[in-house]
>>> print(open('final.pdb').read())   # PDB, C-alpha atoms
ATOM      1  CA  MET S   1      18.391  25.889  31.797
ATOM      2  CA  ASP S   2      21.840  25.407  30.383
ATOM      3  CA  LEU S   3      22.883  25.043  26.751
ATOM      4  CA  GLN S   4      23.003  21.247  26.962
ATOM      5  CA  GLU S   5      19.351  21.121  28.091
ATOM      6  CA  LEU S   6      18.368  23.525  25.324
ATOM      7  CA  SER S   7      20.032  21.424  22.627
ATOM      8  CA  VAL S   8      18.253  18.282  23.878
ATOM      9  CA  MET S   9      14.909  20.125  23.748
ATOM     10  CA  ASP S  10      15.640  21.287  20.196
ATOM     11  CA  LEU S  11      16.239  17.680  19.116
ATOM     12  CA  GLN S  12      12.981  16.351  20.542
ATOM     13  CA  GLU S  13      10.438  15.561  17.883
ATOM     14  CA  VAL S  14       7.347  17.735  17.789
ATOM     15  CA  ARG S  15       4.286  15.497  18.137
ATOM     16  CA  ASP S  16       1.283  15.478  15.822
ATOM     17  CA  LEU S  17      -1.633  17.775  16.578
ATOM     18  CA  ARG S  18      -4.761  15.862  17.568
ATOM     19  CA  ILE S  19      -7.714  17.456  15.764
ATOM     20  CA  VAL S  20     -11.483  17.132  16.212
ATOM     21  CA  VAL S  21     -13.682  18.513  13.437
ATOM     22  CA  ILE S  22     -17.244  19.696  14.079
ATOM     23  CA  GLU S  23     -18.832  20.328  10.682
ATOM     24  CA  SER S  24     -22.292  19.539   9.335
ATOM     25  CA  SER S  25     -21.164  18.851   5.750
ATOM     26  CA  GLU S  26     -20.042  15.265   5.223
ATOM     27  CA  VAL S  27     -18.210  16.321   2.048
ATOM     28  CA  ILE S  28     -16.159  18.877   3.986
ATOM     29  CA  ARG S  29     -15.475  16.429   6.842
ATOM     30  CA  ASP S  30     -14.251  13.837   4.332
ATOM     31  CA  GLY S  31     -12.112  16.425   2.527
ATOM     32  CA  LEU S  32     -10.533  17.508   5.805
ATOM     33  CA  ARG S  33      -9.851  13.881   6.723
ATOM     34  CA  VAL S  34      -7.904  13.468   3.450
ATOM     35  CA  ALA S  35      -6.110  16.818   3.817
ATOM     36  CA  PHE S  36      -5.013  16.077   7.393
ATOM     37  CA  ALA S  37      -3.894  12.551   6.458
ATOM     38  CA  GLU S  38      -1.631  14.048   3.807
ATOM     39  CA  ALA S  39      -0.346  16.930   5.977
ATOM     40  CA  ASP S  40       2.672  16.598   8.223
ATOM     41  CA  GLY S  41       1.850  16.785  11.895
ATOM     42  CA  CYS S  42      -1.949  16.679  11.717
ATOM     43  CA  GLN S  43      -3.973  13.746  13.022
ATOM     44  CA  MET S  44      -7.770  13.918  12.813
ATOM     45  CA  VAL S  45      -8.925  11.939  15.841
ATOM     46  CA  GLY S  46     -12.644  12.484  15.306
ATOM     47  CA  ALA S  47     -15.341  14.226  13.320
ATOM     48  CA  ALA S  48     -18.891  15.137  14.237
ATOM     49  CA  ALA S  49     -21.846  16.427  12.248
ATOM     50  CA  GLY S  50     -23.410  18.300  15.165
ATOM     51  CA  GLY S  51     -22.633  20.162  18.340
ATOM     52  CA  ASP S  52     -23.665  17.538  20.911
ATOM     53  CA  GLU S  53     -21.688  14.799  19.176
ATOM     54  CA  GLY S  54     -18.796  17.228  18.745
ATOM     55  CA  LEU S  55     -18.711  18.137  22.419
ATOM     56  CA  SER S  56     -18.694  14.445  23.336
ATOM     57  CA  LEU S  57     -15.712  13.904  21.031
ATOM     58  CA  VAL S  58     -13.858  16.883  22.469
ATOM     59  CA  LEU S  59     -14.442  15.598  26.008
ATOM     60  CA  SER S  60     -13.393  12.018  25.192
ATOM     61  CA  GLU S  61     -10.437  12.758  22.891
ATOM     62  CA  GLY S  62      -8.952  15.865  24.550
ATOM     63  CA  PRO S  63      -7.744  17.251  21.212
ATOM     64  CA  ASP S  64      -5.130  19.949  20.744
ATOM     65  CA  VAL S  65      -7.313  21.612  18.102
ATOM     66  CA  VAL S  66     -11.054  21.885  17.546
ATOM     67  CA  LEU S  67     -11.983  22.921  14.008
ATOM     68  CA  MET S  68     -15.610  23.967  13.959
ATOM     69  CA  ASN S  69     -18.315  25.590  11.889
ATOM     70  CA  VAL S  70     -20.390  27.821  14.182
ATOM     71  CA  THR S  71     -23.127  28.685  11.664
ATOM     72  CA  ALA S  72     -24.301  25.283  10.450
ATOM     73  CA  PRO S  73     -27.592  23.827  11.671
ATOM     74  CA  HIS S  74     -27.424  21.736  14.858
ATOM     75  CA  GLN S  75     -23.967  23.066  15.712
ATOM     76  CA  ARG S  76     -25.021  25.095  18.767
ATOM     77  CA  GLY S  77     -22.674  27.807  17.445
ATOM     78  CA  MET S  78     -21.335  30.350  19.878
ATOM     79  CA  GLY S  79     -22.637  28.449  22.900
ATOM     80  CA  LEU S  80     -20.596  25.393  21.933
ATOM     81  CA  LEU S  81     -17.562  27.556  21.258
ATOM     82  CA  ARG S  82     -17.850  29.098  24.754
ATOM     83  CA  THR S  83     -18.324  25.665  26.347
ATOM     84  CA  ILE S  84     -15.192  24.292  24.669
ATOM     85  CA  ARG S  85     -13.214  27.403  25.617
ATOM     86  CA  LYS S  86     -14.012  26.791  29.308
ATOM     87  CA  LEU S  87     -12.599  23.237  29.321
ATOM     88  CA  ASP S  88      -9.590  22.561  31.499
ATOM     89  CA  HIS S  89      -7.324  21.481  28.640
ATOM     90  CA  ARG S  90      -8.194  24.589  26.537
ATOM     91  CA  PRO S  91      -7.696  23.389  22.950
ATOM     92  CA  ILE S  92      -6.916  25.740  20.099
ATOM     93  CA  ILE S  93     -10.287  26.595  18.551
ATOM     94  CA  VAL S  94     -10.363  27.325  14.828
ATOM     95  CA  VAL S  95     -13.633  28.577  13.391
ATOM     96  CA  PHE S  96     -13.930  27.311   9.827
ATOM     97  CA  ALA S  97     -16.280  29.726   8.061
ATOM     98  CA  THR S  98     -17.863  30.123   4.656
ATOM     99  CA  ASP S  99     -17.723  33.902   4.506
ATOM    100  CA  ASP S 100     -15.586  36.664   5.916
ATOM    101  CA  ASP S 101     -18.291  38.418   7.933
ATOM    102  CA  PRO S 102     -16.603  40.995  10.225
ATOM    103  CA  GLU S 103     -19.432  40.732  12.776
ATOM    104  CA  LEU S 104     -19.208  36.937  12.904
ATOM    105  CA  ARG S 105     -15.422  37.114  13.135
ATOM    106  CA  ALA S 106     -15.665  39.537  16.080
ATOM    107  CA  ALA S 107     -18.324  37.422  17.807
ATOM    108  CA  CYS S 108     -16.162  34.312  17.449
ATOM    109  CA  ARG S 109     -13.140  36.105  18.858
ATOM    110  CA  GLU S 110     -15.236  37.358  21.784
ATOM    111  CA  ALA S 111     -16.590  33.832  22.405
ATOM    112  CA  GLY S 112     -13.073  32.421  22.607
ATOM    113  CA  ALA S 113     -12.008  31.356  19.119
ATOM    114  CA  THR S 114      -8.252  31.283  18.633
ATOM    115  CA  PHE S 115      -8.385  31.593  14.838
ATOM    116  CA  TYR S 116     -10.978  32.272  12.126
ATOM    117  CA  VAL S 117     -10.206  30.660   8.750
ATOM    118  CA  LEU S 118     -12.279  30.664   5.587
ATOM    119  CA  LYS S 119     -13.150  27.258   4.126
ATOM    120  CA  TRP S 120     -11.576  28.061   0.786
ATOM    121  CA  GLN S 121      -8.241  28.784   2.562
ATOM    122  CA  LEU S 122      -7.407  25.131   3.271
ATOM    123  CA  ARG S 123      -3.716  25.582   2.493
ATOM    124  CA  ASP S 124      -3.565  28.478   5.001
ATOM    125  CA  LEU S 125      -5.322  26.296   7.585
ATOM    126  CA  ILE S 126      -2.782  23.484   7.153
ATOM    127  CA  GLU S 127       0.144  25.928   7.395
ATOM    128  CA  LEU S 128      -1.371  27.513  10.504
ATOM    129  CA  LEU S 129      -1.783  24.127  12.186
ATOM    130  CA  GLN S 130       1.730  23.038  11.285
ATOM    131  CA  PHE S 131       3.053  26.249  12.856
ATOM    132  CA  ALA S 132       0.856  25.787  15.957
ATOM    133  CA  ARG S 133       2.334  22.298  16.501
ATOM    134  CA  LYS S 134       5.478  23.917  17.836
ATOM    135  CA  PHE S 135       3.586  25.434  20.756
ATOM    136  CA  VAL S 136       1.355  22.559  21.868
TER     137      VAL S 136
END
>>> encode(input="final.pdb", output="structure tokens")
Amino acid sequence: MDLQELSVMDLQEVRDLRIVVIESSEVIRDGLRVAFAEADGCQMVGAAAGGDEGLSLVLSEGPDVVLMNVTAPHQRGMGLLRTIRKLDHRPIIVVFATDDDPELRAACREAGATFYVLKWQLRDLIELLQFARKFV
């Protein structure tokens, strides 16, 4: 690669991240929809209340990022996380958790989560996703 090719690559616009949310709380899903709509580079392409619906969305949309709650009822938790991790397109998987449980964090990492973010750290989540855009 020569310098001319590098400068052309630098000028190319970074595309929006396509995000699927798997979260049982409608209030949180709606809040994330608003937050992503207002954030640069984040496009929420689907949201699901449960694991089966979430997996269907992931398969149909092929998102760059899956934001999921592994502890909510009907989410299928770690099994769903492992299933998504094995997909050919390998999205970034962000576990969106209520508490900072070291055992849960370790289990998520072992199951294939890319990041573990606490729900009250929404600003950190948005900054993380905006940074990740550069590498997708």
>>> residues_around(input="final.pdb", residues="Phe115 of chain S", least_positions_apart="2", cutoff="10 Å", atoms="all atoms listed in the file", output="PyMOL selection string")
chain S and resi 67+92-96+105+108-109+112-113+117+125+128
>>> atom_distance(input="final.pdb", atom1="atom CA of Asn69 of chain S", atom2="atom CA of Leu122 of chain S")
13.9 Å
>>> atom_distance(input="final.pdb", atom1="atom CA of Asp124 of chain S", atom2="atom CA of Ala107 of chain S")
21.5 Å
>>> residues_around(input="final.pdb", residues="segment 52-66 of chain S", least_positions_apart="6", cutoff="9 Å", atoms="all atoms listed in the file", output="MDAnalysis selection string")
chainID S and resid 17:23 45:46 74:76 80 83:84 87 89:95 129 133 136
>>> atom_distance(input="final.pdb", atom1="atom CA of Glu127 of chain S", atom2="atom CA of Cys42 of chain S")
10.4 Å
>>> closest_residue(input="final.pdb", among="S:Pro102, S:Gly41, S:Gly77, S:Gly50", to="Lys134 of chain S", atoms="only C-alpha atoms")
S:Gly41
>>> closest_residue(input="final.pdb", among="S:Arg29, S:Arg123, S:Arg15, S:Lys86", to="Met44 of chain S", atoms="all atoms listed in the file")
S:Arg29
>>> closest_residue(input="final.pdb", among="S:Asp16, S:Ala35, S:Gly79, S:Asp100", to="Phe135 of chain S", atoms="all atoms listed in the file")
S:Asp16
>>> closest_residue(input="final.pdb", among="S:Ala132, S:Asp99, S:Ala48, S:Ile126", to="Thr114 of chain S", atoms="all atoms listed in the file")
S:Ala132
>>> decode(input="final.pdb", residues="segment 33-61 of chain S", atoms="C-alpha atoms", output="CSV table (one decimal), in the first residue's frame")
chain,number,residue,atom,x,y,z
S,33,ARG,CA,-33.6,3.3,20.8
S,34,VAL,CA,-33.6,7.1,21.7
S,35,ALA,CA,-29.9,7.0,22.8
S,36,PHE,CA,-28.8,5.4,19.6
S,37,ALA,CA,-30.9,7.7,17.4
S,38,GLU,CA,-29.1,10.6,19.0
S,39,ALA,CA,-25.6,9.1,18.9
S,40,ASP,CA,-23.3,9.5,15.9
S,41,GLY,CA,-22.7,6.3,14.1
S,42,CYS,CA,-25.2,4.0,15.9
S,43,GLN,CA,-28.2,2.6,14.1
S,44,MET,CA,-30.5,0.3,16.0
S,45,VAL,CA,-31.8,-2.1,13.4
S,46,GLY,CA,-33.9,-4.3,15.7
S,47,ALA,CA,-34.9,-5.0,19.3
S,48,ALA,CA,-36.2,-8.2,20.9
S,49,ALA,CA,-37.7,-9.0,24.3
S,50,GLY,CA,-36.5,-12.6,24.3
S,51,GLY,CA,-33.7,-14.9,23.2
S,52,ASP,CA,-35.5,-16.7,20.4
S,53,GLU,CA,-36.8,-13.5,18.8
S,54,GLY,CA,-33.3,-11.9,19.4
S,55,LEU,CA,-31.6,-14.8,17.6
S,56,SER,CA,-34.0,-14.5,14.7
S,57,LEU,CA,-33.2,-10.7,14.4
S,58,VAL,CA,-29.4,-11.4,14.6
S,59,LEU,CA,-29.7,-14.0,11.8
S,60,SER,CA,-31.9,-11.8,9.6
S,61,GLU,CA,-30.1,-8.4,10.2
